[in-house]
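Colleague: This one is coords19.pdb, PDB, C-alpha atoms, pLDDT in the B column.
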ATOM      1  CA  MET O   1      16.775  -3.043  -4.865  1.00 55.00           C
ATOM      2  CA  GLN O   2      19.403  -1.310  -7.005  1.00 63.00           C
ATOM      3  CA  ASN O   3      16.822  -0.931  -9.762  1.00 70.00           C
ATOM      4  CA  GLN O   4      14.453   0.783  -7.320  1.00 75.00           C
ATOM      5  CA  ILE O   5      17.225   3.147  -6.223  1.00 76.00           C
ATOM      6  CA  ASN O   6      18.095   3.980  -9.826  1.00 87.00           C
ATOM      7  CA  GLN O   7      14.466   4.617 -10.749  1.00 91.00           C
ATOM      8  CA  ARG O   8      13.973   6.724  -7.628  1.00 92.00           C
ATOM      9  CA  GLU O   9      16.924   8.921  -8.604  1.00 94.00           C
ATOM     10  CA  ARG O  10      15.599   9.133 -12.148  1.00 94.00           C
ATOM     11  CA  ALA O  11      12.173  10.221 -10.881  1.00 95.00           C
ATOM     12  CA  LEU O  12      13.684  12.906  -8.633  1.00 96.00           C
ATOM     13  CA  ASP O  13      15.753  14.244 -11.533  1.00 96.00           C
ATOM     14  CA  PHE O  14      12.593  14.311 -13.649  1.00 97.00           C
ATOM     15  CA  VAL O  15      11.031  17.004 -11.421  1.00 96.00           C
ATOM     16  CA  LYS O  16      14.200  18.651 -10.164  1.00 95.00           C
ATOM     17  CA  GLU O  17      13.793  22.359  -9.356  1.00 95.00           C
ATOM     18  CA  LEU O  18      10.162  22.389 -10.512  1.00 97.00           C
ATOM     19  CA  SER O  19       7.353  24.019  -8.554  1.00 96.00           C
ATOM     20  CA  PHE O  20       4.660  21.751  -7.145  1.00 96.00           C
ATOM     21  CA  ASP O  21       2.179  22.685  -9.883  1.00 96.00           C
ATOM     22  CA  ASP O  22       4.692  22.034 -12.652  1.00 97.00           C
ATOM     23  CA  ALA O  23       5.911  18.765 -11.114  1.00 97.00           C
ATOM     24  CA  TYR O  24       2.327  17.576 -10.507  1.00 97.00           C
ATOM     25  CA  PHE O  25       1.369  18.237 -14.136  1.00 98.00           C
ATOM     26  CA  LYS O  26       4.577  16.701 -15.506  1.00 98.00           C
ATOM     27  CA  ILE O  27       4.272  13.504 -13.417  1.00 98.00           C
ATOM     28  CA  LEU O  28       0.650  12.876 -14.399  1.00 98.00           C
ATOM     29  CA  LEU O  29       1.339  13.596 -18.057  1.00 98.00           C
ATOM     30  CA  LYS O  30       4.320  11.232 -18.083  1.00 98.00           C
ATOM     31  CA  LEU O  31       2.330   8.474 -16.346  1.00 98.00           C
ATOM     32  CA  ALA O  32      -0.422   8.852 -18.953  1.00 98.00           C
ATOM     33  CA  CYS O  33       2.164   8.574 -21.736  1.00 97.00           C
ATOM     34  CA  LEU O  34       3.838   5.548 -20.142  1.00 97.00           C
ATOM     35  CA  SER O  35       0.453   3.867 -19.698  1.00 98.00           C
ATOM     36  CA  SER O  36      -0.485   4.450 -23.333  1.00 97.00           C
ATOM     37  CA  SER O  37       2.898   3.216 -24.546  1.00 97.00           C
ATOM     38  CA  ALA O  38       2.680   0.054 -22.417  1.00 96.00           C
ATOM     39  CA  LYS O  39      -0.855  -0.662 -23.666  1.00 96.00           C
ATOM     40  CA  ILE O  40       0.199  -0.371 -27.323  1.00 96.00           C
ATOM     41  CA  HIS O  41       3.290  -2.526 -26.759  1.00 95.00           C
ATOM     42  CA  LYS O  42       1.264  -5.294 -25.085  1.00 94.00           C
ATOM     43  CA  GLU O  43      -1.355  -5.257 -27.844  1.00 95.00           C
ATOM     44  CA  LEU O  44       1.281  -5.514 -30.580  1.00 95.00           C
ATOM     45  CA  TYR O  45       3.935  -7.716 -28.996  1.00 93.00           C
ATOM     46  CA  GLY O  46       2.519  -9.067 -25.738  1.00 94.00           C
ATOM     47  CA  THR O  47       4.033  -8.544 -22.307  1.00 92.00           C
ATOM     48  CA  PRO O  48       7.784  -9.234 -22.252  1.00 91.00           C
ATOM     49  CA  LYS O  49       9.214 -11.565 -19.646  1.00 87.00           C
ATOM     50  CA  ARG O  50      10.872 -10.003 -16.626  1.00 82.00           C
ATOM     51  CA  CYS O  51      14.348 -10.961 -15.460  1.00 75.00           C
ATOM     52  CA  SER O  52      15.192 -12.071 -11.923  1.00 64.00           C
ATOM     53  CA  ILE O  53      14.324  -9.630  -9.137  1.00 58.00           C
ATOM     54  CA  PHE O  54      18.007  -9.660  -8.208  1.00 52.00           C
ATOM     55  CA  LYS O  55      19.042  -8.243 -11.587  1.00 63.00           C
ATOM     56  CA  ILE O  56      18.501  -4.866 -13.216  1.00 64.00           C
ATOM     57  CA  ASP O  57      16.040  -5.400 -16.060  1.00 64.00           C
ATOM     58  CA  ALA O  58      17.578  -4.086 -19.296  1.00 72.00           C
ATOM     59  CA  ASN O  59      14.363  -4.549 -21.293  1.00 85.00           C
ATOM     60  CA  PRO O  60      13.175  -1.045 -22.307  1.00 90.00           C
ATOM     61  CA  PHE O  61       9.551  -1.966 -21.588  1.00 93.00           C
ATOM     62  CA  TRP O  62      10.225  -2.803 -17.936  1.00 92.00           C
ATOM     63  CA  ALA O  63      12.726   0.041 -17.512  1.00 91.00           C
ATOM     64  CA  GLN O  64      10.008   2.508 -18.491  1.00 94.00           C
ATOM     65  CA  TRP O  65       7.347   0.687 -16.465  1.00 95.00           C
ATOM     66  CA  ASP O  66       9.479   0.779 -13.315  1.00 94.00           C
ATOM     67  CA  PHE O  67      10.172   4.453 -13.913  1.00 95.00           C
ATOM     68  CA  GLY O  68       6.421   4.942 -13.836  1.00 97.00           C
ATOM     69  CA  ARG O  69       6.195   3.118 -10.518  1.00 96.00           C
ATOM     70  CA  ALA O  70       8.805   5.484  -9.078  1.00 96.00           C
ATOM     71  CA  LEU O  71       6.782   8.427 -10.382  1.00 97.00           C
ATOM     72  CA  VAL O  72       3.670   7.068  -8.656  1.00 97.00           C
ATOM     73  CA  THR O  73       5.561   7.022  -5.347  1.00 95.00           C
ATOM     74  CA  LEU O  74       6.661  10.598  -5.982  1.00 96.00           C
ATOM     75  CA  LEU O  75       3.078  11.599  -6.785  1.00 97.00           C
ATOM     76  CA  VAL O  76       1.960  10.252  -3.403  1.00 96.00           C
ATOM     77  CA  GLU O  77       4.715  12.218  -1.669  1.00 95.00           C
ATOM     78  CA  TYR O  78       3.619  15.394  -3.449  1.00 96.00           C
ATOM     79  CA  CYS O  79      -0.138  14.971  -2.983  1.00 96.00           C
ATOM     80  CA  ARG O  80      -0.664  13.482   0.477  1.00 92.00           C
ATOM     81  CA  PRO O  81       0.739  16.339   2.607  1.00 92.00           C
ATOM     82  CA  ARG O  82      -1.141  18.872   0.446  1.00 95.00           C
ATOM     83  CA  GLU O  83      -4.367  16.818   0.396  1.00 93.00           C
ATOM     84  CA  ILE O  84      -4.447  16.994  -3.399  1.00 96.00           C
ATOM     85  CA  ASP O  85      -6.607  14.411  -5.173  1.00 97.00           C
ATOM     86  CA  PRO O  86      -5.091  13.422  -8.550  1.00 97.00           C
ATOM     87  CA  THR O  87      -8.173  11.368  -9.435  1.00 97.00           C
ATOM     88  CA  LYS O  88      -9.839  14.703 -10.284  1.00 97.00           C
ATOM     89  CA  SER O  89      -7.221  15.367 -12.950  1.00 97.00           C
ATOM     90  CA  HIS O  90      -8.162  14.849 -16.606  1.00 96.00           C
ATOM     91  CA  PHE O  91      -5.058  12.661 -16.897  1.00 97.00           C
ATOM     92  CA  TRP O  92      -6.142  10.195 -14.190  1.00 98.00           C
ATOM     93  CA  ASN O  93      -8.357   8.009 -16.370  1.00 97.00           C
ATOM     94  CA  LEU O  94      -5.482   7.669 -18.842  1.00 98.00           C
ATOM     95  CA  LEU O  95      -3.292   5.985 -16.224  1.00 98.00           C
ATOM     96  CA  ASP O  96      -2.887   2.203 -16.266  1.00 97.00           C
ATOM     97  CA  SER O  97      -5.004   0.543 -13.566  1.00 97.00           C
ATOM     98  CA  HIS O  98      -1.853  -0.869 -11.930  1.00 97.00           C
ATOM     99  CA  TYR O  99      -0.498   2.646 -11.486  1.00 97.00           C
ATOM    100  CA  GLN O 100      -3.843   3.810 -10.087  1.00 97.00           C
ATOM    101  CA  GLN O 101      -4.008   0.931  -7.607  1.00 95.00           C
ATOM    102  CA  SER O 102      -0.391   1.483  -6.580  1.00 96.00           C
ATOM    103  CA  TYR O 103      -1.177   5.133  -5.886  1.00 96.00           C
ATOM    104  CA  PHE O 104      -4.104   4.257  -3.603  1.00 95.00           C
ATOM    105  CA  GLU O 105      -2.099   1.623  -1.733  1.00 91.00           C
ATOM    106  CA  GLN O 106       0.886   3.905  -1.181  1.00 93.00           C
ATOM    107  CA  TYR O 107      -1.343   6.843  -0.250  1.00 93.00           C
ATOM    108  CA  GLU O 108      -2.999   4.832   2.519  1.00 89.00           C
ATOM    109  CA  PHE O 109       0.203   3.194   3.813  1.00 89.00           C
ATOM    110  CA  GLU O 110       1.039   4.660   7.233  1.00 88.00           C
ATOM    111  CA  LYS O 111      -1.658   7.296   6.882  1.00 91.00           C
ATOM    112  CA  GLU O 112      -2.693   8.204  10.434  1.00 93.00           C
ATOM    113  CA  VAL O 113      -6.340   7.630  11.346  1.00 95.00           C
ATOM    114  CA  VAL O 114      -8.358   7.705  14.564  1.00 97.00           C
ATOM    115  CA  VAL O 115     -10.363   4.586  15.413  1.00 97.00           C
ATOM    116  CA  GLU O 116     -12.966   4.459  18.169  1.00 97.00           C
ATOM    117  CA  HIS O 117     -12.051   1.668  20.599  1.00 95.00           C
ATOM    118  CA  GLY O 118     -15.318  -0.228  20.090  1.00 96.00           C
ATOM    119  CA  ASP O 119     -15.502   0.141  16.300  1.00 97.00           C
ATOM    120  CA  PHE O 120     -14.358  -3.217  14.915  1.00 97.00           C
ATOM    121  CA  GLU O 121     -15.260  -2.245  11.347  1.00 97.00           C
ATOM    122  CA  ALA O 122     -13.086   0.890  11.487  1.00 97.00           C
ATOM    123  CA  LEU O 123     -10.222  -1.142  12.940  1.00 97.00           C
ATOM    124  CA  CYS O 124     -10.494  -3.673  10.096  1.00 97.00           C
ATOM    125  CA  LYS O 125     -10.556  -0.846   7.559  1.00 96.00           C
ATOM    126  CA  ALA O 126      -7.376   0.667   9.034  1.00 96.00           C
ATOM    127  CA  ILE O 127      -5.632  -2.713   8.904  1.00 96.00           C
ATOM    128  CA  THR O 128      -6.820  -3.339   5.345  1.00 94.00           C
ATOM    129  CA  ASN O 129      -5.343   0.010   4.279  1.00 93.00           C
ATOM    130  CA  ASP O 130      -2.099  -0.407   6.279  1.00 93.00           C
ATOM    131  CA  ASN O 131      -2.925   2.764   8.216  1.00 95.00           C
ATOM    132  CA  ILE O 132      -1.412   3.903  11.490  1.00 96.00           C
ATOM    133  CA  ALA O 133      -4.397   3.606  13.825  1.00 97.00           C
ATOM    134  CA  HIS O 134      -4.751   5.655  17.011  1.00 97.00           C
ATOM    135  CA  ILE O 135      -7.158   3.876  19.366  1.00 97.00           C
ATOM    136  CA  ASP O 136      -7.489   5.813  22.624  1.00 95.00           C
ATOM    137  CA  ASP O 137      -4.072   5.409  24.279  1.00 95.00           C
ATOM    138  CA  TYR O 138      -2.986   2.738  21.788  1.00 97.00           C
ATOM    139  CA  LYS O 139      -1.159   3.122  18.496  1.00 97.00           C
ATOM    140  CA  LEU O 140      -1.152   0.328  15.901  1.00 97.00           C
ATOM    141  CA  SER O 141       1.474   0.675  13.154  1.00 97.00           C
ATOM    142  CA  PRO O 142       2.254  -1.425  10.052  1.00 95.00           C
ATOM    143  CA  LYS O 143       5.826  -2.660   9.709  1.00 93.00           C
ATOM    144  CA  GLU O 144       7.690  -4.825   7.201  1.00 92.00           C
ATOM    145  CA  ILE O 145       6.311  -7.908   5.448  1.00 89.00           C
ATOM    146  CA  ASP O 146       8.178 -11.046   6.456  1.00 90.00           C
ATOM    147  CA  GLU O 147       8.033 -14.804   6.006  1.00 90.00           C
ATOM    148  CA  ALA O 148       6.059 -16.712   8.618  1.00 87.00           C
ATOM    149  CA  ILE O 149       4.524 -20.100   9.348  1.00 86.00           C
ATOM    150  CA  GLY O 150       0.779 -20.117   8.738  1.00 85.00           C
ATOM    151  CA  HIS O 151      -1.922 -21.601  10.939  1.00 81.00           C
ATOM    152  CA  TYR O 152      -1.585 -24.938   9.145  1.00 79.00           C
ATOM    153  CA  GLY O 153       2.207 -25.001   8.984  1.00 84.00           C
ATOM    154  CA  GLU O 154       2.334 -23.539   5.480  1.00 86.00           C
ATOM    155  CA  GLU O 155       4.804 -20.865   4.368  1.00 87.00           C
ATOM    156  CA  VAL O 156       3.179 -17.416   4.222  1.00 88.00           C
ATOM    157  CA  PHE O 157       4.176 -13.771   4.041  1.00 90.00           C
ATOM    158  CA  TRP O 158       2.467 -11.581   6.617  1.00 92.00           C
ATOM    159  CA  ARG O 159       3.013  -7.978   7.600  1.00 93.00           C
ATOM    160  CA  LYS O 160       4.317  -7.329  11.082  1.00 95.00           C
ATOM    161  CA  TRP O 161       2.374  -4.837  13.202  1.00 97.00           C
ATOM    162  CA  LEU O 162       3.398  -2.961  16.339  1.00 97.00           C
ATOM    163  CA  LEU O 163       0.898  -2.118  19.070  1.00 97.00           C
ATOM    164  CA  GLU O 164       2.142   0.595  21.412  1.00 97.00           C
ATOM    165  CA  HIS O 165       0.651   1.958  24.621  1.00 96.00           C
ATOM    166  CA  LYS O 166       1.628   4.890  26.828  1.00 88.00           C
ATOM    167  CA  THR O 167       2.353   2.653  29.826  1.00 91.00           C
ATOM    168  CA  ASN O 168       2.440  -0.954  28.601  1.00 91.00           C
ATOM    169  CA  GLU O 169       5.260  -2.716  26.768  1.00 93.00           C
ATOM    170  CA  PRO O 170       4.903  -2.632  22.959  1.00 96.00           C
ATOM    171  CA  LYS O 171       3.637  -5.838  21.362  1.00 96.00           C
ATOM    172  CA  VAL O 172       4.595  -7.160  17.917  1.00 96.00           C
ATOM    173  CA  PHE O 173       2.026  -9.143  15.926  1.00 96.00           C
ATOM    174  CA  HIS O 174       2.927 -11.378  12.996  1.00 95.00           C
ATOM    175  CA  THR O 175      -0.291 -13.082  11.951  1.00 94.00           C
ATOM    176  CA  ASP O 176      -3.046 -12.795   9.364  1.00 94.00           C
ATOM    177  CA  CYS O 177      -4.941  -9.511   9.175  1.00 95.00           C
ATOM    178  CA  TYR O 178      -8.245 -10.744  10.586  1.00 96.00           C
ATOM    179  CA  SER O 179      -6.631 -12.470  13.558  1.00 95.00           C
ATOM    180  CA  LEU O 180      -4.703  -9.263  14.155  1.00 97.00           C
ATOM    181  CA  ALA O 181      -7.929  -7.246  14.230  1.00 97.00           C
ATOM    182  CA  GLU O 182      -9.522  -9.659  16.720  1.00 97.00           C
ATOM    183  CA  GLU O 183      -6.470  -9.682  18.996  1.00 97.00           C
ATOM    184  CA  VAL O 184      -6.052  -5.919  18.998  1.00 98.00           C
ATOM    185  CA  PHE O 185      -9.777  -5.389  19.634  1.00 98.00           C
ATOM    186  CA  LYS O 186      -9.621  -7.773  22.600  1.00 97.00           C
ATOM    187  CA  ILE O 187      -6.599  -5.992  24.094  1.00 97.00           C
ATOM    188  CA  VAL O 188      -8.098  -2.530  23.683  1.00 96.00           C
ATOM    189  CA  ASN O 189     -11.601  -3.438  24.901  1.00 97.00           C
ATOM    190  CA  ASP O 190     -10.743  -6.284  27.291  1.00 96.00           C
ATOM    191  CA  ARG O 191     -13.330  -8.441  25.536  1.00 97.00           C
ATOM    192  CA  SER O 192     -13.853 -10.291  22.271  1.00 97.00           C
ATOM    193  CA  VAL O 193     -15.714  -8.747  19.358  1.00 96.00           C
ATOM    194  CA  ASN O 194     -19.421  -9.607  19.143  1.00 95.00           C
ATOM    195  CA  SER O 195     -21.016 -10.956  15.989  1.00 93.00           C
ATOM    196  CA  SER O 196     -23.255  -7.870  15.839  1.00 95.00           C
ATOM    197  CA  GLU O 197     -20.134  -5.686  15.591  1.00 96.00           C
ATOM    198  CA  ARG O 198     -18.945  -7.415  12.419  1.00 96.00           C
ATOM    199  CA  GLY O 199     -19.930  -6.027   9.039  1.00 96.00           C
ATOM    200  CA  GLU O 200     -19.007  -5.862   5.384  1.00 95.00           C
ATOM    201  CA  ILE O 201     -15.452  -4.613   5.924  1.00 95.00           C
ATOM    202  CA  SER O 202     -14.540  -7.212   8.551  1.00 95.00           C
ATOM    203  CA  ASN O 203     -16.123  -9.987   6.494  1.00 94.00           C
ATOM    204  CA  LYS O 204     -14.004  -8.975   3.501  1.00 93.00           C
ATOM    205  CA  LEU O 205     -10.919  -8.931   5.705  1.00 94.00           C
ATOM    206  CA  LEU O 206     -11.803 -12.398   7.007  1.00 92.00           C
ATOM    207  CA  TRP O 207     -12.178 -13.712   3.453  1.00 91.00           C
ATOM    208  CA  TYR O 208      -8.869 -12.104   2.451  1.00 85.00           C
ATOM    209  CA  SER O 209      -7.137 -13.728   5.441  1.00 87.00           C
ATOM    210  CA  LEU O 210      -8.398 -17.256   4.811  1.00 81.00           C
ATOM    211  CA  SER O 211      -5.801 -19.939   4.123  1.00 70.00           C
ATOM    212  CA  CYS O 212      -6.117 -22.332   1.206  1.00 61.00           C
ATOM    213  CA  PHE O 213      -6.550 -24.988   3.903  1.00 63.00           C
ATOM    214  CA  ASP O 214      -9.645 -23.331   5.432  1.00 55.00           C
TER     215      ASP O 214
END
Using structure tokens, write down the structure that the file contains.
Modeller:
Amino acid sequence: MQNQINQRERALDFVKELSFDDAYFKILLKLACLSSSAKIHKELYGTPKRCSIFKIDANPFWAQWDFGRALVTLLVEYCRPREIDPTKSHFWNLLDSHYQQSYFEQYEFEKEVVVEHGDFEALCKAITNDNIAHIDDYKLSPKEIDEAIGHYGEEVFWRKWLLEHKTNEPKVFHTDCYSLAEEVFKIVNDRSVNSSERGEISNKLLWYSLSCFD
């Protein structure tokens, strides 16, 4: 946690007092440089071992890598409210795939979307992306990831979700993503989802949610 705080402060200092255009350019250029440096290091020396998550990693490789992660978070904060797409930048393809994936995941997290109450596929997509989903008078929001007991008694880590309604008491869900989608759909529509309403997105979510015991 302290490492994240330090890297966050470092990232903010990196673009301090810059205009959006200058900060946007500087962040993408730095991420491209960090990606190239990491690639060369891994090809020459391999990937160094990380220390415990409870310690600040003094290895220069990981210090720079984590700085890049903080810059990715900053890039999301700059781009999302302005609806800027960094994938159109010439620098984007130079970014490490982990940075690219992190950008997409953080961009979608808590992004507000509207889901039609009978659209099971759209609901599954919103859950997959950790969106805030507005479904008629309901609001489904992603919360923290926490330890839980799986369907077969195994230890798992699932995200908690909060379902709010204008008149009903809020309900907290702490289950796998596909079961969440089915439960929320049933509450909103007062019926279970039909097989004809399932598609590619929900099938992928079902596969993702399967336990090793299934």
Colleague: Go ahead and compute the interatomic distance for CA of Leu44 in chain O and CA of Asn3 in chain O, in Å to one decimal.
Modeller: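 Atom-to-atom, CA of Leu44 in chain O and CA of Asn3 in chain O are spaced 26.4 Å apart.
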Colleague: Would you pick out the contacts of Val113 in chain O at 8 Å or less, using all atoms listed in the file, so that residues sharing its chain but fewer than 6 positions from it are not included, and give the list as a ChimeraX atom specification?
Modeller: /O:126,131-134
Colleague: Rounded to one decimal in Å, what is the spacing between CA of Asn129 in chain O and CA of Gln106 in chain O?
Modeller: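 It comes out at 9.2 Å.
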Colleague: Quick one: contact table of range 98-202 of chain O to range 20-40 of chain O, 12 Å max, nearest atom pair and distance in Å to one decimal per residue, counting only C-alpha atoms, chain and number order, as a tab-separated table?
Modeller:
residue	atom	partner	partner_atom	distance
O:His98	CA	O:Ser35	CA	9.4
O:Tyr99	CA	O:Leu31	CA	8.1
O:Gln100	CA	O:Leu31	CA	10.0
O:Tyr103	CA	O:Leu31	CA	11.5
Colleague: Using Å and a single decimal, report how far CA of Glu147 in chain O sits from CA of Arg69 in chain O.
Modeller: 24.4 Å
